[in-house]
Amino acid sequence: MRWEVVETTKYTVCPLCEAGCGLAVRVVDGEPIDVRGDERDPSSRGYLCPKGVALIDLHRDPDRLRSPVRRNAQGGFDPIPWDEAFRITAERLSQLRKQHGRHAIASYMGTPVVHKHGPLLMRGALLGALRTHNSTSAGSQDTSPRFVTSYLLYGSTLSTPIPDLAHTEYLLCIGANPLVSNGSLLTAPDMRRRLRELQARGGKLVVIDPRRSETAQMADEHVPIVPGADAALLLAMVNVIASEGLAQGAWLAQHARGAREALAAIGDFTPERVASHAGVPADVITRLARDFARARSSVAYARIGICNNAHGTVASYAVDLLNAVAGRLGAQGGAVFPKPAIDLPRLAKLAGADGFARWRSRVRGLPETAGDVPASTLAEEIETPGTGQVRALITYAGNPVLTVPNGPRLARALSRLDFMVSIDMYINETTRFADIILPPCGPLSDDHLDLMFANVAAHNLVRWTQPVLPKAEGELEDWEIMLELAFRLGGGPTGMKPVDAVFRAARKLGLRFDMQRLFDLVLRFGPHRIRGADVRSAPRGVDLGPVQPGLAHRIFHRDGRVDLAPASILTAIAQLSAALGPLTSAGELLLIGRRELRSNNSWMHNLPKLVSGKERCTLLIHPRDAERLGVRDGAQVLLESRVHRGQVLARISDEVREGVVSLPHGYGHGGLTAYQRVSAAVSGASMNDWTDDSRVEAVVGQSILNGVPVRVSSLGEALQGASA
């Protein structure tokens with residue numbers, strides 16, 4: 001008998017980061033054989049990073065959970081049926097809510113909640129069913145300053161200006177490494193090609209970063225700054241532009257309000273006063289400001305590096321203020337606003353997911369941002385007795401023990417919970433504390449619709465791709481798991497009580513919620529009035545045209561103007577002015593993180609293809625600091641902060657400026673031997689063990705993950721000190 005081999009190529013989108021690269025997956029007899037970049041994809045044009053190639057390894061990973069599990073008396077996990085897992089979860093959460101109130105249940109959402117359309121929508125469903133003020137997320141660790149800046153200036157947390165890469169002549173990149181991130185809050189795959197095109201047309205790339213990052217290495221100019229000084233430097237640049245008559249007064253008069261108050265508030269941020277604080281000479285700050293204002297077109301772009309330091313909101317605001325004062329906001333070659341098929345900012349407002357400081361955390365009074373309180377509150381809310389004490393936790397695709405400050409403290413707190421449930425494919429440093437783990441299907445078995453990141457895409461495009469592989473029997477998509485929990489907790493798919501009551505009644509009649517019909521509806525009522533059938537029939541998407549200049553479609557204030565003088569921002573600027581000075585004490589260094597192309601936060605270190613080769617979890621230390629401290633290259637050193645001390649592997653490198661050390665984010669897998677064999681073998685150390693959960697950013701209260709004061713010593717010196 002002759003067997004026929006069935007081979008097909010399926011086209012989809014990589015969901016692992018914000019770039020959304022197009023994939024071509026070769027499938028033979030129902031099994032994925034290889035993944036390559038789709039050369040005909042209109043956005044990525046065949047580009048694909050190593051993480052996308054590893055999707056097949058993720059699909060096959062024997063350590064990935066395929067069915068629900070329940071923690072047993074010995075601390076291990078046993079498989080259980082879906083219905084039993086849902087029943088136990090709903091019963092325990094309902095019981096605890098009835099006994100201790102709705103705020104006794106907390107939630108933590110990892111980054112995949114915004115990478116995939118289903119979980120992004122069902123987040124509202126689940127939180128609507130819980131009605132807790134103790135919801136938090138990975139975004140509260142690195143994006144809240146950007147969200148609040150957008151909310152205060154434009155009236156929506158999701159009004160996010162992006163650089164017009166295709167037209168700008170001068171790109172100022174601060175606190176971002178787009179060559180590795182492929183853009184963050186900037187969906188623009190293959191950034192190396194895009195930046196080379198900028199330089200080829202005579203444009204200039206300037207990178208301000210404490211580390212000579214991959215992006216800085218291809219820049220026309222690299223300006224090494226002291227971590228945490230970004231806000232002061234940017235405000236000094238704006239001051240130069242205003243004081244030298246380079247500000248675009250006509251633009252400000254037409255499109256903004258509060259410009260006079262804003263410029264008055266930053267009057268004492270002169271290059272001379274800021275220079276020693278930022279570690280950048282005054283004449284360099286002045287020249288950067290003049291070059292930016294005098295270029296034919298220019299734009300400032302920033303990301304996580306400025307967000308998660310002590311003045312992240314002021315720094316995020318200063319980026320937009322610089323673009324505005326120079327007349328670059330909404331201008332071709334400047335900072336522009338995409339026009340996606342689905343109007344996410346308006347949907348967020350409709351769902352009540354847009355806002356700032358509508359409530360505050362119980363223990364420290366830290367404000368919510370877009371529905372989330374800072375993740376640094378999680379441990380204290382579990383530990384502190386009283387009304388509203390957190391007794392149960394739901395996590396989705398997150399690992400806060402590695403991503404929240406003072407991870408060891410959080411791990412101890414999680415062990416005290418009355419109940420915990422996790423929606424996750426792996427048993428990791430956080431989910432090992434769960435009573436129930438509900439694993440979703442792999443990323444090759446669900447469909448994909450551009451949603452969150454179409455809102456920040458360098459080109460307007462809408463794509464809806466079908467699953468590459470069918471779900472195995474019994475598998476559920478993550479949004480289906482979230483929706484089932486929402487229904488069983490008395491909610492529904494919208495998070496709005498009256499509407500969800502209708503859906504619950506339909507469910508009793510045997511009618512199933514249809515995600516496809518929902519998206520057909522929001523597409524038809526979006527700004528482009530597109531039919532869902534047309535999108536689904538175009539596997540590489542429907543081209544909606546280049547991003548155009550203009551502001552009106554992303555300003556939600558009643559007067560249609562940008563507010564450049566929000567009271568909370570002006571107060572924070574005054575606080576920063578009073579605090580200008582050295583950022584370290586004698587003998588201290590400043591710890592920063594770094595992003596790596598083969599790493600995806602904390603959750604893909606179990607794939608051999610991504611962790612092979614040289615040791616990556618190393619502490620970068622400048623040669624002069626190493627010489628002064630007696631640290632040898634490749635030696636174990638003792639790294640100490642206020643909350644933690646531990647050993648790390650040192651690598652001497654002039655990649656970081658003197659006084660700065662750097663560890664990559666997402667490692668620390670030593671305790672996973674029984675659950676993730678590859679991760680455990682390359683365990684490394686978790687950078688956030690050294691971050692201080694008592695220190696928070698001035699406006700939004702998020703964690704300070706960059707510019708953490710630490711001390712480094714050789715182990716020999718440390719042992720001598722201990723014996724003395």
# chains A, B, ... in the order shown; residues from 1 in each chain; ligands from 1
>>> residues_around(residues="Val280 (chain A)", least_positions_apart="3", cutoff="8 Å", atoms="only C-alpha atoms", output="JSON, numbers by chain")
{"A": [223, 224, 225, 275, 276, 284, 285]}
>>> write_last_selection(atoms="C-alpha atoms", output="PDB file, in the first residue's frame")
ATOM      1  CA  VAL A 223      25.302  59.255  24.719  1.00  0.00           C
ATOM      2  CA  PRO A 224      25.891  57.208  27.910  1.00  0.00           C
ATOM      3  CA  ILE A 225      23.632  58.582  30.656  1.00  0.00           C
ATOM      4  CA  ALA A 275      24.905  67.841  33.556  1.00  0.00           C
ATOM      5  CA  SER A 276      26.414  66.309  36.699  1.00  0.00           C
ATOM      6  CA  VAL A 284      26.295  67.911  24.622  1.00  0.00           C
ATOM      7  CA  ILE A 285      22.781  68.452  26.027  1.00  0.00           C
TER       8      ILE A 285
END
>>> select_by_dssp(residues="region 3-244 of chain A", states="alpha helix (DSSP H)", output="VMD selection string")
chain A and resid 50 to 53 55 to 60 82 to 100 112 to 115 117 to 130 139 to 142 144 to 154 178 to 181 191 to 200 214 to 217 230 to 243
>>> closest_residue(among="A:Leu152, A:Ile162, A:Val314, A:Leu564", to="Ala264 (chain A)", atoms="only C-alpha atoms")
A:Leu564
>>> atom_distance(atom1="CA of Arg657 (chain A)", atom2="CA of Leu195 (chain A)")
24.0 Å
>>> select_by_dssp(residues="region 39-104 of chain A", states="strand (DSSP E)", output="compact mmCIF listing (two decimals) with C-alpha atoms, in the first residue's frame")
# COMPACT_ATOMS: atom_id res chain seq x y z
CA VAL A 69 -3.32 19.69 37.23
CA ARG A 70 -3.99 19.95 40.96
CA ARG A 71 -1.37 20.29 43.66
CA PHE A 77 0.84 17.95 40.77
CA ASP A 78 -1.70 15.40 39.55
CA PRO A 79 -3.80 15.65 36.35
>>> residues_around(residues="region 696-703 of chain A", least_positions_apart="5", cutoff="7 Å", atoms="only C-alpha atoms", output="list in words")
Ser140, Gln141, Ser144, Pro145, Asn308, Asn309, Ala310, His311, Gly312, Thr313, Leu366, Pro367, Pro374, Ser376, Pro405 and Ala572 of chain A
>>> residues_around(residues="region 119-123 of chain A", least_positions_apart="2", cutoff="7 Å", atoms="only C-alpha atoms", output="ChimeraX atom specification")
/A:113-114,116-117,125-127,478-479,482-483,493
>>> write_last_selection(atoms="C-alpha atoms", output="mmCIF file, in the first residue's frame")
data_model
loop_
_atom_site.group_PDB
_atom_site.id
_atom_site.type_symbol
_atom_site.label_atom_id
_atom_site.label_comp_id
_atom_site.auth_asym_id
_atom_site.auth_seq_id
_atom_site.Cartn_x
_atom_site.Cartn_y
_atom_site.Cartn_z
ATOM 1 C CA VAL A 113 -2.609 39.225 27.748
ATOM 2 C CA VAL A 114 -1.864 42.053 25.302
ATOM 3 C CA LYS A 116 -3.269 37.882 21.897
ATOM 4 C CA HIS A 117 -6.714 39.233 21.097
ATOM 5 C CA ALA A 125 -14.671 39.509 31.468
ATOM 6 C CA LEU A 126 -12.693 37.856 34.251
ATOM 7 C CA LEU A 127 -12.021 41.067 36.162
ATOM 8 C CA ASP A 478 -6.690 30.727 26.918
ATOM 9 C CA TRP A 479 -9.646 33.046 26.282
ATOM 10 C CA MET A 482 -10.942 32.850 31.129
ATOM 11 C CA LEU A 483 -14.502 33.056 29.822
ATOM 12 C CA PRO A 493 -17.867 37.982 28.167
#
>>> closest_residue(among="A:Ser137, A:Thr187, A:Ser422, A:Asn601", to="Pro440 (chain A)", atoms="only C-alpha atoms")
A:Ser422
>>> closest_residue(among="A:Asp142, A:Gly371, A:Ala454, A:Leu489", to="Leu96 (chain A)", atoms="only C-alpha atoms")
A:Leu489
>>> atom_distance(atom1="CA of Pro340 (chain A)", atom2="CA of Val456 (chain A)")
8.5 Å
>>> residues_around(residues="Thr143 (chain A)", least_positions_apart="4", cutoff="8 Å", atoms="only C-alpha atoms", output="ChimeraX atom specification")
/A:139,147,304,307-308
>>> write_last_selection(atoms="N, CA and C atoms", output="compact mmCIF listing (two decimals), in the first residue's frame")
# COMPACT_ATOMS: atom_id res chain seq x y z
N GLY A 139 2.28 44.90 32.89
CA GLY A 139 2.29 46.28 32.41
C GLY A 139 2.46 47.29 33.52
N PHE A 147 1.26 54.89 29.94
CA PHE A 147 -0.19 54.92 29.94
C PHE A 147 -0.73 56.21 30.57
N ILE A 304 11.07 51.16 27.86
CA ILE A 304 11.10 50.65 29.22
C ILE A 304 12.20 51.30 30.06
N CYS A 307 10.83 54.23 31.60
CA CYS A 307 9.58 54.01 32.33
C CYS A 307 9.82 53.52 33.75
N ASN A 308 10.73 52.53 33.89
CA ASN A 308 10.82 51.90 35.21
C ASN A 308 11.97 52.42 36.04
>>> closest_residue(among="A:Leu649, A:Val637, A:Leu580, A:Ala104", to="Gly388 (chain A)", atoms="only C-alpha atoms")
A:Ala104
>>> residues_around(residues="Gln254 (chain A)", least_positions_apart="4", cutoff="10 Å", atoms="only C-alpha atoms", output="list in words")
Gly249, Ala250, Arg561 and Val562 of chain A
>>> decode(residues="region 114-144 of chain A", atoms="C-alpha atoms", output="mmCIF file, in the first residue's frame")
data_model
loop_
_atom_site.group_PDB
_atom_site.id
_atom_site.type_symbol
_atom_site.label_atom_id
_atom_site.label_comp_id
_atom_site.auth_asym_id
_atom_site.auth_seq_id
_atom_site.Cartn_x
_atom_site.Cartn_y
_atom_site.Cartn_z
ATOM 1 C CA VAL A 114 -1.864 42.053 25.302
ATOM 2 C CA HIS A 115 -0.144 39.888 22.687
ATOM 3 C CA LYS A 116 -3.269 37.882 21.897
ATOM 4 C CA HIS A 117 -6.714 39.233 21.097
ATOM 5 C CA GLY A 118 -8.766 36.678 23.044
ATOM 6 C CA PRO A 119 -7.139 37.122 26.464
ATOM 7 C CA LEU A 120 -7.055 40.893 26.008
ATOM 8 C CA LEU A 121 -10.844 40.964 25.695
ATOM 9 C CA MET A 122 -11.510 38.253 28.266
ATOM 10 C CA ARG A 123 -9.352 40.082 30.818
ATOM 11 C CA GLY A 124 -12.298 42.447 31.162
ATOM 12 C CA ALA A 125 -14.671 39.509 31.468
ATOM 13 C CA LEU A 126 -12.693 37.856 34.251
ATOM 14 C CA LEU A 127 -12.021 41.067 36.162
ATOM 15 C CA GLY A 128 -15.644 42.081 35.700
ATOM 16 C CA ALA A 129 -16.727 38.830 37.336
ATOM 17 C CA LEU A 130 -14.255 39.261 40.207
ATOM 18 C CA ARG A 131 -14.888 43.015 40.718
ATOM 19 C CA THR A 132 -11.648 43.303 42.670
ATOM 20 C CA HIS A 133 -9.460 46.369 43.063
ATOM 21 C CA ASN A 134 -6.466 44.089 43.522
ATOM 22 C CA SER A 135 -5.853 43.447 39.849
ATOM 23 C CA THR A 136 -2.308 43.913 38.611
ATOM 24 C CA SER A 137 -0.158 43.010 35.642
ATOM 25 C CA ALA A 138 3.245 42.957 34.006
ATOM 26 C CA GLY A 139 2.289 46.277 32.409
ATOM 27 C CA SER A 140 2.195 47.849 35.861
ATOM 28 C CA GLN A 141 5.917 47.054 36.029
ATOM 29 C CA ASP A 142 7.049 48.765 32.837
ATOM 30 C CA THR A 143 4.300 50.673 31.027
ATOM 31 C CA SER A 144 2.139 52.550 33.543
#
